[in-house]
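Asker: Contents are compact mmCIF, C-alpha atoms; file name input_11.txt:
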```txt
# COMPACT_ATOMS: atom_id res chain seq x y z
CA MET A 25 170.57 189.61 49.50
CA SER A 26 173.66 188.21 47.81
CA GLY A 27 176.31 185.56 47.86
CA LEU A 28 174.07 182.64 46.92
CA ARG A 29 174.32 180.32 43.95
CA VAL A 30 170.82 179.19 43.01
CA ALA A 31 169.89 176.17 40.86
CA VAL A 32 166.82 176.85 38.73
CA PRO A 33 164.99 174.05 36.87
CA LYS A 34 164.17 174.22 33.18
CA GLY A 35 160.75 173.12 32.04
CA ALA A 36 157.38 173.08 33.76
CA ILE A 37 158.23 174.94 36.97
CA PHE A 38 160.77 177.37 35.49
CA GLU A 39 158.33 180.30 35.47
CA ASP A 40 157.07 179.46 38.97
CA ALA A 41 160.67 179.42 40.20
CA LEU A 42 161.41 182.81 38.61
CA ARG A 43 158.30 184.36 40.12
CA ALA A 44 159.22 183.09 43.58
CA LEU A 45 162.85 184.18 43.35
CA GLY A 46 162.03 187.48 41.66
CA GLY A 47 159.36 188.24 44.23
CA ALA A 48 162.02 187.74 46.90
CA GLY A 49 164.21 190.36 45.27
CA LEU A 50 166.66 188.25 43.29
CA PRO A 51 167.64 189.59 39.84
CA VAL A 52 165.98 186.86 37.79
CA GLY A 53 165.63 189.10 34.73
CA VAL A 54 169.14 188.10 33.76
CA LEU A 55 167.86 184.56 33.13
CA ARG A 56 165.79 185.83 30.22
CA GLU A 57 168.64 187.58 28.45
CA ASN A 58 170.21 184.60 26.68
CA GLY A 59 168.53 181.21 26.66
CA ARG A 60 171.73 179.42 25.64
CA ARG A 61 173.73 180.29 28.73
CA LEU A 62 173.91 177.90 31.67
CA ILE A 63 175.34 180.20 34.35
CA TYR A 64 174.16 183.75 34.99
CA GLU A 65 175.35 186.35 37.47
CA ALA A 66 173.78 189.60 38.62
CA ARG A 67 174.15 191.72 41.75
CA GLY A 68 176.19 189.11 43.58
CA THR A 69 173.81 186.22 42.89
CA GLU A 70 174.70 183.33 40.59
CA PHE A 71 172.10 181.18 38.85
CA ILE A 72 172.58 177.70 37.40
CA VAL A 73 169.90 176.58 34.92
CA SER A 74 169.62 172.81 34.57
CA ARG A 75 167.29 169.89 34.02
CA PRO A 76 164.96 169.43 37.01
CA SER A 77 166.48 166.03 37.79
CA ASP A 78 169.93 167.62 38.08
CA VAL A 79 168.98 170.38 40.52
CA PRO A 80 169.22 168.14 43.62
CA VAL A 81 172.60 166.85 42.39
CA PHE A 82 174.07 170.35 42.10
CA VAL A 83 172.68 171.23 45.53
CA GLU A 84 173.69 168.01 47.29
CA TYR A 85 177.30 168.25 46.13
CA GLY A 86 177.66 171.96 46.84
CA ALA A 87 177.74 173.28 43.27
CA ALA A 88 174.67 175.31 44.26
CA ASP A 89 173.67 176.60 47.69
CA VAL A 90 169.93 176.42 47.15
CA GLY A 91 167.59 175.25 44.43
CA ILE A 92 163.97 174.83 43.44
CA VAL A 93 162.70 171.42 42.38
CA GLY A 94 159.52 169.35 42.36
CA LYS A 95 158.74 167.05 45.25
CA ASP A 96 158.46 164.20 42.75
CA VAL A 97 162.18 164.53 41.95
CA LEU A 98 163.08 164.55 45.64
CA GLU A 99 161.02 161.44 46.31
CA GLU A 100 162.61 159.65 43.37
CA GLN A 101 166.23 160.59 44.09
CA GLU A 102 166.14 160.93 47.90
CA PRO A 103 169.11 163.35 47.85
CA ASN A 104 170.97 164.39 51.00
CA VAL A 105 169.71 167.98 51.04
CA VAL A 106 167.67 170.18 53.38
CA GLU A 107 164.08 170.58 52.20
CA LEU A 108 163.21 174.06 53.39
CA ARG A 109 159.83 175.16 52.10
CA ASP A 110 156.88 174.23 49.93
CA LEU A 111 156.16 176.89 47.31
CA GLY A 112 152.78 175.33 46.63
CA THR A 113 153.15 175.86 42.87
CA GLY A 114 153.59 173.47 39.96
CA ALA A 115 151.07 171.04 41.42
CA CYS A 116 150.86 167.63 39.78
CA ARG A 117 150.11 164.02 40.65
CA MET A 118 152.13 160.83 40.48
CA ILE A 119 149.72 158.21 39.19
CA LEU A 120 149.39 154.58 38.17
CA ALA A 121 147.62 154.35 34.81
CA ALA A 122 146.77 151.80 32.14
CA SER A 123 145.00 151.71 28.82
CA ALA A 124 141.23 151.87 29.13
CA ALA A 125 140.98 148.48 27.41
CA GLY A 126 143.46 146.82 29.76
CA ALA A 127 142.70 148.59 33.04
CA ALA A 128 140.44 145.89 34.48
CA ARG A 129 142.99 143.19 33.69
CA VAL A 130 145.80 145.17 35.36
CA GLU A 131 143.73 145.78 38.49
CA GLU A 132 142.85 142.08 38.65
CA ALA A 133 146.51 141.10 38.28
CA ILE A 134 147.50 143.45 41.10
CA ASP A 135 144.71 142.13 43.33
CA ARG A 136 145.91 138.57 42.71
CA ALA A 137 149.51 139.56 43.51
CA GLU A 138 150.65 138.72 40.00
CA VAL A 139 153.75 140.44 38.65
CA VAL A 140 152.84 143.34 36.39
CA ARG A 141 155.13 145.15 33.98
CA VAL A 142 155.25 148.90 34.52
CA ALA A 143 157.02 151.58 32.49
CA THR A 144 158.16 154.80 34.15
CA LYS A 145 160.62 157.66 34.40
CA PHE A 146 160.53 157.13 38.16
CA PRO A 147 161.77 153.56 38.81
CA ARG A 148 162.43 154.04 42.54
CA THR A 149 159.02 155.57 43.09
CA ALA A 150 157.34 152.78 41.14
CA ARG A 151 159.16 150.02 43.02
CA ARG A 152 158.41 151.66 46.37
CA TYR A 153 154.73 151.98 45.49
CA PHE A 154 154.34 148.30 44.63
CA GLU A 155 156.44 147.19 47.61
CA ASN A 156 154.25 149.24 49.94
CA ARG A 157 151.24 147.43 48.52
CA GLY A 158 152.95 144.09 49.01
CA ARG A 159 153.03 143.50 45.26
CA GLN A 160 155.74 142.81 42.70
CA ALA A 161 156.39 144.67 39.48
CA GLU A 162 158.83 144.42 36.62
CA VAL A 163 159.92 148.02 36.21
CA ILE A 164 161.09 149.30 32.83
CA ALA A 165 162.81 152.68 32.93
CA LEU A 166 162.06 155.01 30.02
CA HIS A 167 163.02 158.61 29.32
CA GLY A 168 160.55 159.64 26.65
CA SER A 169 156.79 159.35 26.19
CA ILE A 170 155.76 156.95 28.94
CA GLU A 171 152.16 156.90 27.68
CA LEU A 172 153.31 154.98 24.61
CA ALA A 173 154.38 151.90 26.59
CA PRO A 174 150.95 150.29 27.21
CA LEU A 175 149.76 151.23 23.72
CA VAL A 176 152.46 149.16 22.00
CA GLY A 177 152.57 146.31 24.50
CA LEU A 178 155.85 147.24 26.17
CA ALA A 179 154.19 147.44 29.59
CA GLU A 180 150.80 146.77 31.13
CA CYS A 181 150.72 150.02 33.07
CA ILE A 182 152.71 153.16 33.78
CA VAL A 183 153.74 155.26 36.75
CA ASP A 184 154.02 158.86 35.66
CA LEU A 185 153.49 162.48 36.56
CA THR A 186 150.41 164.33 35.35
CA ALA A 187 149.18 167.88 35.84
CA THR A 188 145.97 168.08 33.82
CA GLY A 189 145.49 164.51 32.61
CA THR A 190 145.13 165.72 29.02
CA THR A 191 147.88 163.48 27.60
CA LEU A 192 146.39 160.47 29.37
CA ARG A 193 142.93 161.14 27.93
CA GLU A 194 144.27 161.80 24.44
CA ASN A 195 145.97 158.38 24.51
CA ASP A 196 142.98 156.54 25.99
CA LEU A 197 144.66 155.89 29.34
CA VAL A 198 142.87 155.86 32.69
CA VAL A 199 144.16 156.49 36.21
CA LEU A 200 144.09 153.43 38.45
CA ASP A 201 145.58 155.01 41.57
CA GLU A 202 147.06 158.27 42.81
CA ILE A 203 150.46 157.58 44.36
CA SER A 204 151.37 161.06 45.59
CA THR A 205 151.08 164.76 44.89
CA SER A 206 153.95 167.09 44.07
CA THR A 207 154.64 170.83 44.30
CA ALA A 208 157.78 172.92 43.92
CA ARG A 209 160.14 172.92 46.92
CA VAL A 210 163.05 175.08 48.04
CA ILE A 211 166.07 172.96 48.98
CA ALA A 212 169.53 173.77 50.32
CA ASN A 213 172.94 172.17 50.51
CA ARG A 214 173.54 171.04 54.10
CA GLY A 215 176.87 172.81 54.38
CA ALA A 216 175.57 176.02 52.83
CA TYR A 217 172.57 175.96 55.14
CA ARG A 218 174.97 176.17 58.08
CA LEU A 219 177.64 178.45 56.62
CA LYS A 220 175.29 180.77 54.72
CA ASN A 221 172.33 180.52 57.03
CA ARG A 222 171.88 184.29 57.15
CA GLU A 223 171.62 184.56 53.37
CA VAL A 224 169.38 181.51 53.05
CA SER A 225 167.11 182.70 55.87
CA LYS A 226 166.78 186.12 54.25
CA LEU A 227 165.76 184.49 50.98
CA LEU A 228 163.11 182.39 52.71
CA GLU A 229 161.82 185.37 54.70
CA ALA A 230 161.54 187.43 51.52
CA MET A 231 159.67 184.62 49.78
CA GLN A 232 157.35 184.33 52.77
CA ALA A 233 156.70 188.08 52.78
CA GLU A 234 155.81 188.01 49.09
CA GLY A 235 153.47 185.05 49.55
CA ALA A 236 155.65 182.75 47.47
CA ILE A 237 155.77 180.11 50.18
CA ARG A 238 152.83 178.00 51.25
CA GLY A 239 151.75 178.46 54.85
```
With the file now loaded, output its structure as structure tokens.
Answerer:
Amino acid sequence: MSGLRVAVPKGAIFEDALRALGGAGLPVGVLRENGRRLIYEARGTEFIVSRPSDVPVFVEYGAADVGIVGKDVLEEQEPNVVELRDLGTGACRMILAASAAGAARVEEAIDRAEVVRVATKFPRTARRYFENRGRQAEVIALHGSIELAPLVGLAECIVDLTATGTTLRENDLVVLDEISTSTARVIANRGAYRLKNREVSKLLEAMQAEGAIRG
């Protein structure tokens, strides 16, 4: 299996991605050799290591043939890529949360169709959630610790990703609603999926054989 350029996400699902790709026979050991490098090559396979939010960008514009990324990123960005398979790993939830002290007031405001202020790293997802409920929200985009927003009065509630809920509990926040669930997905560039279909199909088949793909 060779000839593919693969985008691998840093962070929470990095190890899951390496297990899936390594189990399929790709030489992922090279990714552990030097943590400062951004491009790695071994046995005809190239790897790009990037922020999770950038993986769909590299894949959509053809800088990578395939990539692994969380469903939450795909739902937020809605990139023009082919979503191939669900790896079933890196499970987490997109939730609406508020401080325990202010939760009742936020729920009442939403029920009364009042505009609520929400902080999030996922502005499109947050807007879509409130629109689907027929409600309005003032969305504030943040890039750091979202949990801080309701504690200092920046926002009444947050839309964020959680795996264990530990950070929420430690900051006295409670979940008001579960918006969606997310797991790691294999995606492909549309052109590469046609032109390198044999290589992509072999990768998927190898992942399936090793049990790396759900279903």
Asker: Excluding region 39-50 of chain A and residues on its chain fewer than 5 positions from it, collect all residues at most 8 Å away from it, counting all atoms listed in the file, and give them as a PyMOL selection string.
Answerer: chain A and resi 25+32-33+69+92+111+113-114+227-228+230-231+233-234+236
Asker: Could you check which of A:Leu166, A:Val83, A:Ile182, A:Ala125 is closest to Ile211 (chain A), using all atoms listed in the file?
Answerer: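 Counting all atoms listed in the file, the residue closest to Ile211 (chain A) is A:Val83.
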Asker: Produce the centre coordinates and the three edge lengths, each in Å to one decimal, of the box along x, y and z that contains all listed atoms of region 183-196 of chain A with 5 Å added on each side, as JSON.
Answerer:
```
{"center_x": 148.5, "center_y": 161.7, "center_z": 30.6, "size_x": 21.1, "size_y": 22.8, "size_z": 22.3}
```
Asker: Quick one: residues within 9 Å of Pro147 (chain A), all atoms listed in the file, excluding same-chain residues fewer than 2 positions away - as a list in words?
Answerer: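 Returned residues: Glu100, Ala143, Thr144, Lys145, Thr149, Ala150, Arg151, Arg152, Val163, Ile164, Ala165, Leu166 and Val183 of chain A.
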Asker: Generate the output file for the selected residues, C-alpha atoms, as a JSON list (two decimals), keeping the file's coordinate frame.
Answerer:
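What landed in part.json:
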```json
[["chain", "number", "residue", "atom", "x", "y", "z"],
["A", 100, "GLU", "CA", 162.61, 159.65, 43.37],
["A", 143, "ALA", "CA", 157.02, 151.58, 32.49],
["A", 144, "THR", "CA", 158.16, 154.80, 34.15],
["A", 145, "LYS", "CA", 160.62, 157.66, 34.40],
["A", 149, "THR", "CA", 159.02, 155.57, 43.09],
["A", 150, "ALA", "CA", 157.34, 152.78, 41.14],
["A", 151, "ARG", "CA", 159.16, 150.02, 43.02],
["A", 152, "ARG", "CA", 158.41, 151.66, 46.37],
["A", 163, "VAL", "CA", 159.92, 148.02, 36.21],
["A", 164, "ILE", "CA", 161.09, 149.30, 32.83],
["A", 165, "ALA", "CA", 162.81, 152.68, 32.93],
["A", 166, "LEU", "CA", 162.06, 155.01, 30.02],
["A", 183, "VAL", "CA", 153.74, 155.26, 36.75]]
```
Asker: Between A:Leu62, A:Val52, A:Cys116, A:Leu98, which is the closest to Phe146 (chain A) once you count all atoms listed in the file?
Answerer: A:Leu98
Asker: Using all atoms listed in the file, which residue out of A:Thr186, A:Gln101, A:Ser123, A:Ser225 lies closest to Val81 (chain A)?
Answerer: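 The shortest atom-to-atom distance to Val81 (chain A) comes from A:Gln101.
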Asker: Using CA of Val97 (chain A) and CA of Glu57 (chain A) as the two end points, give the distance in Å to one decimal.
Answerer: 27.5 Å
